[in-house]
>>> print(open('upload.txt').read())   # compact mmCIF, C-alpha atoms
# COMPACT_ATOMS: atom_id res chain seq x y z
CA MET A 1 15.05 46.33 -66.35
CA PHE A 2 13.08 43.63 -64.50
CA ASP A 3 10.41 41.40 -65.98
CA TYR A 4 6.90 41.36 -64.48
CA GLU A 5 7.45 38.20 -62.43
CA THR A 6 10.63 39.59 -60.86
CA LEU A 7 8.99 42.94 -60.08
CA ARG A 8 6.20 41.15 -58.26
CA LEU A 9 8.71 39.20 -56.20
CA VAL A 10 10.72 42.35 -55.47
CA TRP A 11 7.62 44.16 -54.24
CA TRP A 12 6.58 41.20 -52.12
CA ALA A 13 10.02 41.39 -50.47
CA LEU A 14 9.79 45.19 -50.15
CA LEU A 15 6.39 44.89 -48.49
CA GLY A 16 7.93 42.54 -45.96
CA ILE A 17 10.85 44.93 -45.39
CA LEU A 18 8.46 47.83 -44.81
CA LEU A 19 6.40 45.79 -42.34
CA ILE A 20 9.57 44.77 -40.52
CA GLY A 21 10.72 48.40 -40.52
CA PHE A 22 7.40 49.45 -39.00
CA ALA A 23 7.52 46.71 -36.36
CA ILE A 24 11.09 47.61 -35.35
CA MET A 25 10.96 51.39 -35.54
CA ASP A 26 7.41 51.96 -34.31
CA GLY A 27 7.44 48.82 -32.18
CA PHE A 28 9.63 50.15 -29.41
CA ASP A 29 7.52 53.29 -28.91
CA LEU A 30 4.35 51.17 -28.88
CA GLY A 31 6.06 48.94 -26.34
CA THR A 32 7.16 51.93 -24.28
CA ALA A 33 3.57 53.19 -24.15
CA ALA A 34 2.32 49.72 -23.18
CA LEU A 35 4.84 49.63 -20.31
CA LEU A 36 4.24 53.18 -19.11
CA PRO A 37 2.10 52.25 -16.04
CA PHE A 38 4.62 49.58 -15.02
CA VAL A 39 7.96 51.35 -15.36
CA GLY A 40 6.90 54.78 -14.11
CA ARG A 41 5.61 55.06 -10.54
CA THR A 42 5.98 58.82 -10.24
CA ASP A 43 5.20 61.61 -12.66
CA VAL A 44 8.89 62.25 -13.31
CA GLU A 45 9.53 58.57 -14.05
CA ARG A 46 6.64 58.44 -16.48
CA ARG A 47 7.90 61.61 -18.16
CA ILE A 48 11.33 60.02 -18.51
CA ALA A 49 9.77 57.03 -20.31
CA ILE A 50 7.66 59.29 -22.54
CA ASN A 51 10.63 61.47 -23.44
CA THR A 52 12.65 58.49 -24.67
CA VAL A 53 10.23 58.23 -27.61
CA GLY A 54 8.71 61.74 -27.68
CA PRO A 55 11.24 63.20 -30.15
CA VAL A 56 11.17 60.23 -32.55
CA TRP A 57 7.74 58.60 -32.52
CA GLU A 58 6.34 60.78 -35.31
CA GLY A 59 9.29 59.93 -37.53
CA ASN A 60 8.76 56.25 -36.76
CA GLN A 61 5.23 56.58 -38.12
CA VAL A 62 6.79 57.05 -41.57
CA TRP A 63 7.18 53.27 -41.77
CA PHE A 64 3.46 52.81 -41.12
CA ILE A 65 2.62 55.31 -43.86
CA LEU A 66 5.13 53.73 -46.24
CA GLY A 67 3.64 50.28 -45.64
CA GLY A 68 0.09 51.50 -46.27
CA GLY A 69 1.19 53.46 -49.32
CA ALA A 70 3.06 50.48 -50.73
CA ILE A 71 0.00 48.25 -50.35
CA PHE A 72 -2.19 50.91 -51.98
CA ALA A 73 0.07 51.43 -55.00
CA ALA A 74 1.73 48.04 -55.50
CA TRP A 75 -1.09 45.75 -54.34
CA PRO A 76 -4.35 47.68 -54.95
CA THR A 77 -6.58 44.61 -54.80
CA LEU A 78 -5.04 43.63 -51.48
CA TYR A 79 -5.47 47.19 -50.20
CA ALA A 80 -9.14 47.31 -51.18
CA ALA A 81 -9.90 43.86 -49.78
CA SER A 82 -8.03 44.17 -46.51
CA PHE A 83 -8.99 47.75 -45.64
CA SER A 84 -12.67 47.13 -46.35
CA GLY A 85 -12.79 43.60 -44.96
CA PHE A 86 -10.92 44.52 -41.78
CA TYR A 87 -12.66 47.89 -41.53
CA LEU A 88 -13.76 47.68 -37.88
CA ALA A 89 -10.41 46.29 -36.78
CA MET A 90 -8.63 49.08 -38.68
CA PHE A 91 -10.95 51.64 -37.11
CA LEU A 92 -10.11 50.30 -33.65
CA VAL A 93 -6.38 50.54 -34.40
CA LEU A 94 -6.64 54.07 -35.79
CA ALA A 95 -8.84 55.23 -32.93
CA THR A 96 -6.22 54.17 -30.39
CA LEU A 97 -3.31 55.45 -32.48
CA ILE A 98 -5.02 58.85 -32.56
CA LEU A 99 -4.78 58.90 -28.76
CA ARG A 100 -0.98 58.90 -28.97
CA PRO A 101 -0.41 62.44 -30.31
CA GLY A 102 -2.91 63.74 -27.78
CA GLY A 103 -1.05 61.96 -25.01
CA PHE A 104 2.35 63.23 -26.10
CA LYS A 105 1.26 66.81 -26.76
CA TYR A 106 -1.32 67.49 -24.05
CA ARG A 107 -0.29 65.34 -21.09
CA SER A 108 1.95 67.96 -19.49
CA LYS A 109 -0.17 70.99 -20.39
CA LEU A 110 -1.92 70.85 -17.01
CA ASP A 111 -0.25 70.13 -13.69
CA SER A 112 -3.11 67.90 -12.57
CA PRO A 113 -2.59 64.27 -11.46
CA LEU A 114 -6.01 63.26 -12.84
CA TRP A 115 -5.39 64.95 -16.20
CA ARG A 116 -2.00 63.31 -16.57
CA SER A 117 -3.30 59.91 -15.44
CA ILE A 118 -6.00 59.99 -18.13
CA TRP A 119 -3.43 60.65 -20.84
CA ASP A 120 -1.09 58.00 -19.42
CA TRP A 121 -3.80 55.38 -19.81
CA ALA A 122 -4.62 56.74 -23.26
CA LEU A 123 -0.97 56.19 -24.23
CA PHE A 124 -1.16 52.71 -22.68
CA ALA A 125 -4.19 51.87 -24.84
CA GLY A 126 -2.44 53.35 -27.88
CA GLY A 127 0.40 50.90 -27.31
CA VAL A 128 -1.47 47.73 -26.36
CA VAL A 129 -4.44 47.74 -28.74
CA PRO A 130 -2.56 48.19 -32.05
CA SER A 131 0.06 45.63 -30.99
CA LEU A 132 -2.67 43.09 -30.24
CA VAL A 133 -4.87 43.81 -33.26
CA PHE A 134 -2.02 43.65 -35.78
CA GLY A 135 -1.21 40.19 -34.45
CA VAL A 136 -4.86 39.13 -34.62
CA ALA A 137 -4.94 40.22 -38.27
CA PHE A 138 -1.87 38.11 -39.08
CA GLY A 139 -3.41 35.14 -37.29
CA ASN A 140 -6.52 35.35 -39.43
CA LEU A 141 -4.42 35.24 -42.60
CA PHE A 142 -3.43 31.66 -41.77
CA LEU A 143 -7.03 30.67 -41.08
CA GLY A 144 -8.31 32.37 -44.21
CA VAL A 145 -10.76 35.25 -44.34
CA PRO A 146 -14.33 34.79 -45.63
CA PHE A 147 -14.59 36.79 -48.85
CA GLY A 148 -15.09 36.32 -52.57
CA PHE A 149 -15.65 38.20 -55.82
CA ASP A 150 -18.72 38.38 -58.03
CA SER A 151 -18.67 38.09 -61.81
CA ASP A 152 -17.64 41.75 -62.11
CA LEU A 153 -14.77 41.26 -59.61
CA ARG A 154 -16.55 43.24 -56.95
CA PHE A 155 -15.26 42.37 -53.49
CA MET A 156 -17.83 40.46 -51.41
CA PRO A 157 -16.72 40.16 -47.76
CA ASP A 158 -18.42 38.24 -44.97
CA ILE A 159 -16.17 39.47 -42.16
CA THR A 160 -17.20 40.67 -38.71
CA LEU A 161 -15.02 41.94 -35.88
CA LEU A 162 -16.12 39.08 -33.61
CA SER A 163 -15.26 36.48 -36.25
CA LEU A 164 -11.71 37.84 -36.31
CA LEU A 165 -11.38 37.38 -32.53
CA ASN A 166 -11.06 33.60 -32.69
CA PRO A 167 -8.78 31.61 -30.35
CA PHE A 168 -5.88 31.10 -32.78
CA ALA A 169 -5.86 34.73 -33.91
CA LEU A 170 -5.96 35.91 -30.29
CA LEU A 171 -2.96 33.69 -29.54
CA VAL A 172 -1.07 35.28 -32.42
CA GLY A 173 -2.18 38.66 -31.07
CA LEU A 174 -0.55 37.79 -27.74
CA VAL A 175 2.61 36.77 -29.62
CA SER A 176 2.62 40.20 -31.24
CA LEU A 177 1.99 41.98 -27.93
CA SER A 178 4.78 40.11 -26.12
CA MET A 179 7.13 40.89 -29.01
CA ILE A 180 6.35 44.61 -28.84
CA VAL A 181 6.59 44.70 -25.04
CA LEU A 182 10.01 43.01 -25.22
CA HIS A 183 11.21 45.55 -27.77
CA GLY A 184 9.87 48.44 -25.67
CA ALA A 185 11.48 47.11 -22.51
CA ALA A 186 14.82 46.75 -24.32
CA TRP A 187 14.49 50.34 -25.55
CA LEU A 188 13.78 51.69 -22.05
CA ASN A 189 16.69 49.64 -20.74
CA LEU A 190 18.88 51.42 -23.29
CA LYS A 191 17.51 54.96 -22.94
CA THR A 192 16.97 55.37 -19.20
CA GLU A 193 18.85 55.09 -15.93
CA GLY A 194 18.03 54.36 -12.31
CA ALA A 195 14.64 53.01 -11.25
CA VAL A 196 13.02 53.15 -14.69
CA GLN A 197 15.89 51.23 -16.24
CA GLY A 198 15.82 48.69 -13.42
CA ARG A 199 12.12 47.96 -13.90
CA ALA A 200 12.50 47.75 -17.67
CA ARG A 201 15.45 45.40 -17.28
CA ARG A 202 13.39 43.10 -15.07
CA ILE A 203 10.60 43.05 -17.66
CA VAL A 204 12.96 41.95 -20.48
CA PRO A 205 13.30 38.28 -19.37
CA VAL A 206 9.58 38.01 -18.60
CA ALA A 207 8.61 39.35 -22.03
CA ALA A 208 11.30 37.28 -23.78
CA LEU A 209 10.20 34.00 -22.19
CA ALA A 210 6.53 34.86 -22.76
CA PHE A 211 7.28 35.47 -26.44
CA VAL A 212 9.20 32.20 -26.86
CA VAL A 213 6.45 30.15 -25.21
CA LEU A 214 3.60 31.87 -27.09
CA PHE A 215 5.51 31.76 -30.39
CA ALA A 216 6.17 28.03 -29.96
CA LEU A 217 2.51 27.38 -29.09
CA ALA A 218 1.34 29.34 -32.13
CA GLY A 219 3.78 27.44 -34.36
CA LEU A 220 2.64 24.08 -32.98
CA TRP A 221 -1.02 25.03 -33.49
CA LEU A 222 -0.28 26.31 -36.99
CA SER A 223 1.45 23.06 -37.93
CA GLN A 224 -1.88 21.31 -37.36
CA LEU A 225 -3.88 23.74 -39.50
CA PRO A 226 -4.49 23.09 -43.22
CA GLY A 227 -2.79 25.47 -45.61
CA TYR A 228 -3.52 26.71 -49.11
CA GLY A 229 -1.91 25.72 -52.40
CA ILE A 230 -2.34 26.54 -56.08
CA ALA A 231 -3.48 23.60 -58.17
CA GLY A 232 -1.84 23.34 -61.57
CA SER A 233 0.20 26.11 -63.13
CA ILE A 234 -0.23 29.85 -62.86
CA ALA A 235 1.13 32.60 -65.09
CA HIS A 236 3.59 34.48 -62.88
CA ASP A 237 3.53 37.36 -65.34
CA GLY A 238 -0.17 37.13 -66.10
CA PRO A 239 -2.97 39.65 -65.54
CA SER A 240 -3.95 40.66 -62.01
CA ASN A 241 -7.18 38.69 -61.87
CA PRO A 242 -7.54 36.53 -58.76
CA MET A 243 -10.22 34.36 -60.37
CA LEU A 244 -7.92 32.84 -63.01
CA LYS A 245 -6.52 30.11 -60.74
CA THR A 246 -7.65 27.15 -58.68
CA VAL A 247 -6.70 26.96 -55.01
CA VAL A 248 -6.92 23.81 -52.90
CA ARG A 249 -6.42 23.15 -49.21
CA THR A 250 -3.16 21.44 -48.26
CA SER A 251 -2.07 19.46 -45.23
CA SER A 252 0.01 22.25 -43.67
CA TRP A 253 1.37 25.75 -44.15
CA PHE A 254 4.89 24.47 -43.53
CA ALA A 255 5.48 22.75 -46.86
CA GLY A 256 9.02 24.16 -47.11
CA GLY A 257 11.76 24.69 -44.57
CA ALA A 258 12.60 28.35 -45.24
CA SER A 259 10.08 29.65 -42.70
CA TRP A 260 11.98 27.85 -39.93
CA ILE A 261 14.93 30.18 -40.55
CA GLY A 262 12.78 33.17 -39.65
CA ALA A 263 11.46 31.36 -36.58
CA ALA A 264 15.02 30.62 -35.45
CA VAL A 265 15.97 34.29 -35.87
CA ALA A 266 13.00 35.38 -33.73
CA ILE A 267 13.78 32.94 -30.92
CA ILE A 268 17.51 33.75 -31.00
CA GLY A 269 16.60 37.44 -30.79
CA ALA A 270 14.38 36.91 -27.73
CA LEU A 271 16.92 34.75 -25.91
CA GLY A 272 19.74 37.10 -26.90
CA ALA A 273 17.86 40.08 -25.46
CA LEU A 274 17.34 38.12 -22.25
CA MET A 275 21.01 37.18 -21.89
CA MET A 276 22.30 40.62 -22.93
CA ARG A 277 19.97 42.67 -20.72
CA THR A 278 22.89 44.02 -18.69
CA ARG A 279 24.36 45.31 -21.96
CA PRO A 280 21.50 47.56 -23.12
CA LEU A 281 22.63 48.19 -26.70
CA GLY A 282 23.17 44.50 -27.37
CA ALA A 283 19.82 43.61 -25.81
CA PHE A 284 18.05 46.19 -27.96
CA LEU A 285 19.69 44.95 -31.16
CA PHE A 286 18.72 41.38 -30.31
CA SER A 287 15.16 42.47 -29.55
CA ALA A 288 14.98 44.02 -33.04
CA LEU A 289 15.58 40.54 -34.47
CA VAL A 290 12.33 39.34 -32.88
CA PRO A 291 9.88 41.29 -35.11
CA ALA A 292 12.15 40.76 -38.11
CA GLY A 293 12.17 36.99 -37.65
CA THR A 294 8.48 36.78 -36.72
CA ILE A 295 7.27 38.72 -39.78
CA ALA A 296 9.69 36.83 -42.05
CA THR A 297 8.32 33.54 -40.71
CA ALA A 298 4.74 34.56 -41.46
CA GLY A 299 5.54 35.97 -44.91
CA ILE A 300 7.54 32.96 -46.05
CA ALA A 301 4.98 30.48 -44.72
CA LEU A 302 2.14 32.32 -46.50
CA PHE A 303 3.97 32.77 -49.83
CA PRO A 304 2.64 33.19 -52.49
CA PHE A 305 -0.59 34.08 -50.70
CA LEU A 306 -1.27 37.60 -49.46
CA LEU A 307 -4.88 37.22 -48.33
CA PRO A 308 -6.32 33.68 -48.41
CA SER A 309 -10.08 33.23 -48.64
CA SER A 310 -11.74 30.62 -46.44
CA SER A 311 -15.15 30.80 -48.14
CA ASP A 312 -13.87 30.72 -51.75
CA PRO A 313 -10.22 29.57 -51.77
CA SER A 314 -9.82 30.28 -55.49
CA ALA A 315 -10.55 33.96 -54.79
CA SER A 316 -7.47 34.17 -52.54
CA LEU A 317 -5.11 37.00 -53.36
CA THR A 318 -1.56 36.02 -54.25
CA VAL A 319 1.68 37.67 -55.28
CA TRP A 320 0.91 36.69 -58.88
CA ASP A 321 -2.61 38.11 -59.25
CA ALA A 322 -3.06 41.08 -56.89
CA SER A 323 -0.36 43.51 -58.04
CA SER A 324 -0.39 46.72 -60.04
CA SER A 325 0.81 46.84 -63.64
CA LYS A 326 4.41 46.24 -64.63
CA LEU A 327 4.86 49.95 -65.40
CA THR A 328 3.54 51.01 -61.99
CA LEU A 329 5.76 48.56 -60.14
CA GLY A 330 8.78 49.69 -62.15
CA VAL A 331 8.20 53.41 -61.54
CA MET A 332 7.61 52.81 -57.84
CA LEU A 333 10.78 50.75 -57.57
CA GLY A 334 12.73 53.66 -59.00
CA ALA A 335 11.18 55.99 -56.43
CA VAL A 336 12.07 53.58 -53.63
CA ALA A 337 15.66 53.34 -54.86
CA ILE A 338 15.94 57.14 -54.59
CA PHE A 339 14.01 57.96 -51.44
CA LEU A 340 14.48 54.94 -49.14
CA PRO A 341 18.24 55.58 -48.70
CA ILE A 342 17.43 59.23 -47.89
CA ILE A 343 14.93 58.14 -45.24
CA LEU A 344 17.41 55.68 -43.76
CA ALA A 345 20.22 58.26 -43.72
CA TYR A 346 18.01 60.90 -42.11
CA THR A 347 16.72 58.42 -39.53
CA ALA A 348 20.28 57.37 -38.64
CA TRP A 349 21.29 61.03 -38.24
CA VAL A 350 18.30 61.76 -35.97
CA TYR A 351 19.06 58.83 -33.69
CA ARG A 352 22.71 59.81 -33.55
CA VAL A 353 21.76 63.33 -32.46
CA MET A 354 19.29 61.98 -29.88
CA ARG A 355 21.63 59.30 -28.52
CA GLY A 356 22.16 58.88 -24.79
CA PRO A 357 19.80 58.22 -21.88
CA VAL A 358 17.02 60.49 -20.68
CA ARG A 359 17.62 61.53 -17.05
CA ALA A 360 15.48 63.14 -14.37
CA GLU A 361 17.62 66.28 -14.48
CA ASP A 362 16.88 66.59 -18.20
CA ILE A 363 13.18 66.76 -17.36
CA ALA A 364 13.74 69.25 -14.52
CA SER A 365 15.89 71.58 -16.60
CA ASN A 366 13.39 71.49 -19.52
CA SER A 367 10.15 71.34 -17.61
CA LYS A 368 8.33 73.58 -20.12
CA THR A 369 9.54 71.84 -23.28
CA ALA A 370 9.99 68.18 -22.28
CA TYR A 371 6.97 65.95 -22.85
>>> encode(input="upload.txt", output="structure tokens")
Amino acid sequence: MFDYETLRLVWWALLGILLIGFAIMDGFDLGTAALLPFVGRTDVERRIAINTVGPVWEGNQVWFILGGGAIFAAWPTLYAASFSGFYLAMFLVLATLILRPGGFKYRSKLDSPLWRSIWDWALFAGGVVPSLVFGVAFGNLFLGVPFGFDSDLRFMPDITLLSLLNPFALLVGLVSLSMIVLHGAAWLNLKTEGAVQGRARRIVPVAALAFVVLFALAGLWLSQLPGYGIAGSIAHDGPSNPMLKTVVRTSSWFAGGASWIGAAVAIIGALGALMMRTRPLGAFLFSALVPAGTIATAGIALFPFLLPSSSDPSASLTVWDASSSKLTLGVMLGAVAIFLPIILAYTAWVYRVMRGPVRAEDIASNSKTAY
């Protein structure tokens, strides 16, 4: 039904949608975990915060799995390069994400302040570290990652964890963290009452302003960084061989104006969440625009590059030379057309059933089953 060029574009867009879905759906429970020590001063208050995401966080992980699966099947070269090149960073993310199920499941098994405090800080780490590292990874995409391919197209990385922790990437990591914290604060503002809601509501403007300032600084810095461009023509429906093109450095990543639309959406979302904080549902919906606009900005600015190479620019992976075959993309698109609406419908039903705030009396009346 679609030609090869169109399928590649469709899957580039779908990858962005899945990343946005992950940032929105899993973002608020990461943000809730990152805010746990600050919004909950008593055990009951911390349990209220945990129980706002306890019933849904595992379902939210579906977006993370979908994103990884889409990269594996639709962009196998990208999957192999990124997961091996960013191995230590990925290990750090997974190690902290593994703390989350332990925190949710085992925190309340013992009525010991020390035991519960340990798991609270484990949940905190499971919220902060992935939020920061994902941003650091995105920051390094704009700088380029040192890798190449040999004559047999074997991936040859020269990436270390310390090299990824450069000043620009760390700034982008802080942008990501502030974005997730804002989304988590807006969620707690929506799903709690009393003292927890009050503290979350006071965090919303701080996180929103921090995001706007950090996002603007990152954009200003990025405008001064050289970008990447393809010299000459490239076959948009050609074979997936990254060494069949020539890449040159350009004056800036912002050659077109479309990325500014995404940036505007992100800033409007942050300011909207700030102004709507006394209307929790509106604030939460505005906060969801922040990751959507931020990821759209990055994706559009990078296009058509998926993983630029700083050591051998011509080895950079692009939309046109890192995809699976036309048949694979077509079959996968059919599967997405069938199953994605089911996932969306089921998710909407779950959130409808779980609607309403979590109260202290809910914890007291379900002390053995509440998280």
>>> residues_near_point(input="upload.txt", point="(20.2, 49.0, -30.0)", cutoff="10 Å", atoms="only C-alpha atoms", output="compact mmCIF listing (two decimals) with C-alpha atoms, in the frame of the given file")
# COMPACT_ATOMS: atom_id res chain seq x y z
CA HIS A 183 11.21 45.55 -27.77
CA ALA A 186 14.82 46.75 -24.32
CA TRP A 187 14.49 50.34 -25.55
CA ASN A 189 16.69 49.64 -20.74
CA LEU A 190 18.88 51.42 -23.29
CA LYS A 191 17.51 54.96 -22.94
CA ARG A 279 24.36 45.31 -21.96
CA PRO A 280 21.50 47.56 -23.12
CA LEU A 281 22.63 48.19 -26.70
CA GLY A 282 23.17 44.50 -27.37
CA ALA A 283 19.82 43.61 -25.81
CA PHE A 284 18.05 46.19 -27.96
CA LEU A 285 19.69 44.95 -31.16
CA PHE A 286 18.72 41.38 -30.31
CA SER A 287 15.16 42.47 -29.55
CA ALA A 288 14.98 44.02 -33.04
>>> residues_near_point(input="upload.txt", point="(15.8, 40.8, -18.2)", cutoff="12 Å", atoms="all atoms listed in the file", output="PyMOL selection string")
chain A and resi 182-183+185-186+188-189+197-210+270-280+283-284+287
>>> closest_residue(input="upload.txt", among="A:Trp260, A:Phe142, A:Phe168, A:Phe254", to="Ser309 in chain A", atoms="all atoms listed in the file")
A:Phe142
>>> closest_atom_pairs(input="upload.txt", of="range 7-74 of chain A", to="range 80-92 of chain A", cutoff="10 Å", atoms="all atoms listed in the file", output="CSV")
residue,atom,partner,partner_atom,distance
A:Gly68,CA,A:Phe83,CA,9.8
A:Ile71,CA,A:Ala80,CA,9.2
A:Phe72,CA,A:Ala80,CA,7.9
>>> closest_residue(input="upload.txt", among="A:Thr369, A:Ser131, A:Thr6, A:Ser112", to="Gly27 in chain A", atoms="only C-alpha atoms")
A:Ser131
>>> closest_residue(input="upload.txt", among="A:Ala49, A:Ala315, A:Val93, A:Leu214", to="Ser178 in chain A", atoms="only C-alpha atoms")
A:Leu214
>>> atom_distance(input="upload.txt", atom1="CA of Thr160 in chain A", atom2="CA of Val145 in chain A")
10.1 Å
>>> closest_atom_pairs(input="upload.txt", of="range 151-185 of chain A", to="range 215-218 of chain A", cutoff="12 Å", atoms="all atoms listed in the file", output="JSON lines")
{"residue": "A:Pro167", "atom": "CA", "partner": "A:Ala218", "partner_atom": "CA", "distance": 10.5}
{"residue": "A:Phe168", "atom": "CA", "partner": "A:Ala218", "partner_atom": "CA", "distance": 7.5}
{"residue": "A:Ala169", "atom": "CA", "partner": "A:Ala218", "partner_atom": "CA", "distance": 9.2}
{"residue": "A:Leu170", "atom": "CA", "partner": "A:Ala218", "partner_atom": "CA", "distance": 10.0}
{"residue": "A:Leu171", "atom": "CA", "partner": "A:Ala218", "partner_atom": "CA", "distance": 6.6}
{"residue": "A:Val172", "atom": "CA", "partner": "A:Ala218", "partner_atom": "CA", "distance": 6.4}
{"residue": "A:Gly173", "atom": "CA", "partner": "A:Ala218", "partner_atom": "CA", "distance": 10.0}
{"residue": "A:Leu174", "atom": "CA", "partner": "A:Phe215", "partner_atom": "CA", "distance": 9.0}
{"residue": "A:Val175", "atom": "CA", "partner": "A:Phe215", "partner_atom": "CA", "distance": 5.8}
{"residue": "A:Ser176", "atom": "CA", "partner": "A:Phe215", "partner_atom": "CA", "distance": 9.0}
{"residue": "A:Leu177", "atom": "CA", "partner": "A:Phe215", "partner_atom": "CA", "distance": 11.1}
{"residue": "A:Ser178", "atom": "CA", "partner": "A:Phe215", "partner_atom": "CA", "distance": 9.4}
{"residue": "A:Met179", "atom": "CA", "partner": "A:Phe215", "partner_atom": "CA", "distance": 9.4}
>>> atom_distance(input="upload.txt", atom1="CA of Arg359 in chain A", atom2="CA of Ile48 in chain A")
6.6 Å
>>> residues_around(input="upload.txt", residues="Arg154 in chain A", least_positions_apart="3", cutoff="12 Å", atoms="all atoms listed in the file", output="mmCIF file with C-alpha atoms, in the frame of the given file")
data_model
loop_
_atom_site.group_PDB
_atom_site.id
_atom_site.type_symbol
_atom_site.label_atom_id
_atom_site.label_comp_id
_atom_site.auth_asym_id
_atom_site.auth_seq_id
_atom_site.Cartn_x
_atom_site.Cartn_y
_atom_site.Cartn_z
ATOM 1 C CA THR A 77 -6.580 44.610 -54.800
ATOM 2 C CA ALA A 80 -9.140 47.310 -51.180
ATOM 3 C CA ALA A 81 -9.900 43.860 -49.780
ATOM 4 C CA SER A 84 -12.670 47.130 -46.350
ATOM 5 C CA PHE A 147 -14.590 36.790 -48.850
ATOM 6 C CA GLY A 148 -15.090 36.320 -52.570
ATOM 7 C CA PHE A 149 -15.650 38.200 -55.820
ATOM 8 C CA ASP A 150 -18.720 38.380 -58.030
ATOM 9 C CA SER A 151 -18.670 38.090 -61.810
ATOM 10 C CA PRO A 157 -16.720 40.160 -47.760
ATOM 11 C CA ASN A 241 -7.180 38.690 -61.870
ATOM 12 C CA PRO A 242 -7.540 36.530 -58.760
ATOM 13 C CA MET A 243 -10.220 34.360 -60.370
ATOM 14 C CA ALA A 315 -10.550 33.960 -54.790
#
>>> atom_distance(input="upload.txt", atom1="CA of Leu97 in chain A", atom2="CA of Gly356 in chain A")
26.8 Å
>>> closest_residue(input="upload.txt", among="A:Arg8, A:Leu143, A:Ile234, A:Gly184", to="Asp26 in chain A", atoms="only C-alpha atoms")
A:Gly184
>>> axis_aligned_box(input="upload.txt", around="range 73-84 of chain A", padding_each_side="5 Å", output="AutoDock Vina command-line options")
--center_x -5.5 --center_y 47.5 --center_z -50.6 --size_x 24.4 --size_y 17.8 --size_z 19.9
>>> residues_around(input="upload.txt", residues="Ser324 in chain A", least_positions_apart="5", cutoff="12 Å", atoms="all atoms listed in the file", output="number ranges by chain")
A: 4-5, 7-8, 11-12, 70-79, 237-241, 319, 329-332
>>> closest_residue(input="upload.txt", among="A:Ile24, A:Val350, A:Ile180, A:Val39", to="Gly194 in chain A", atoms="all atoms listed in the file")
A:Val39
>>> residues_around(input="upload.txt", residues="range 30-38 of chain A", least_positions_apart="6", cutoff="6 Å", atoms="all atoms listed in the file", output="count of residues only")
7
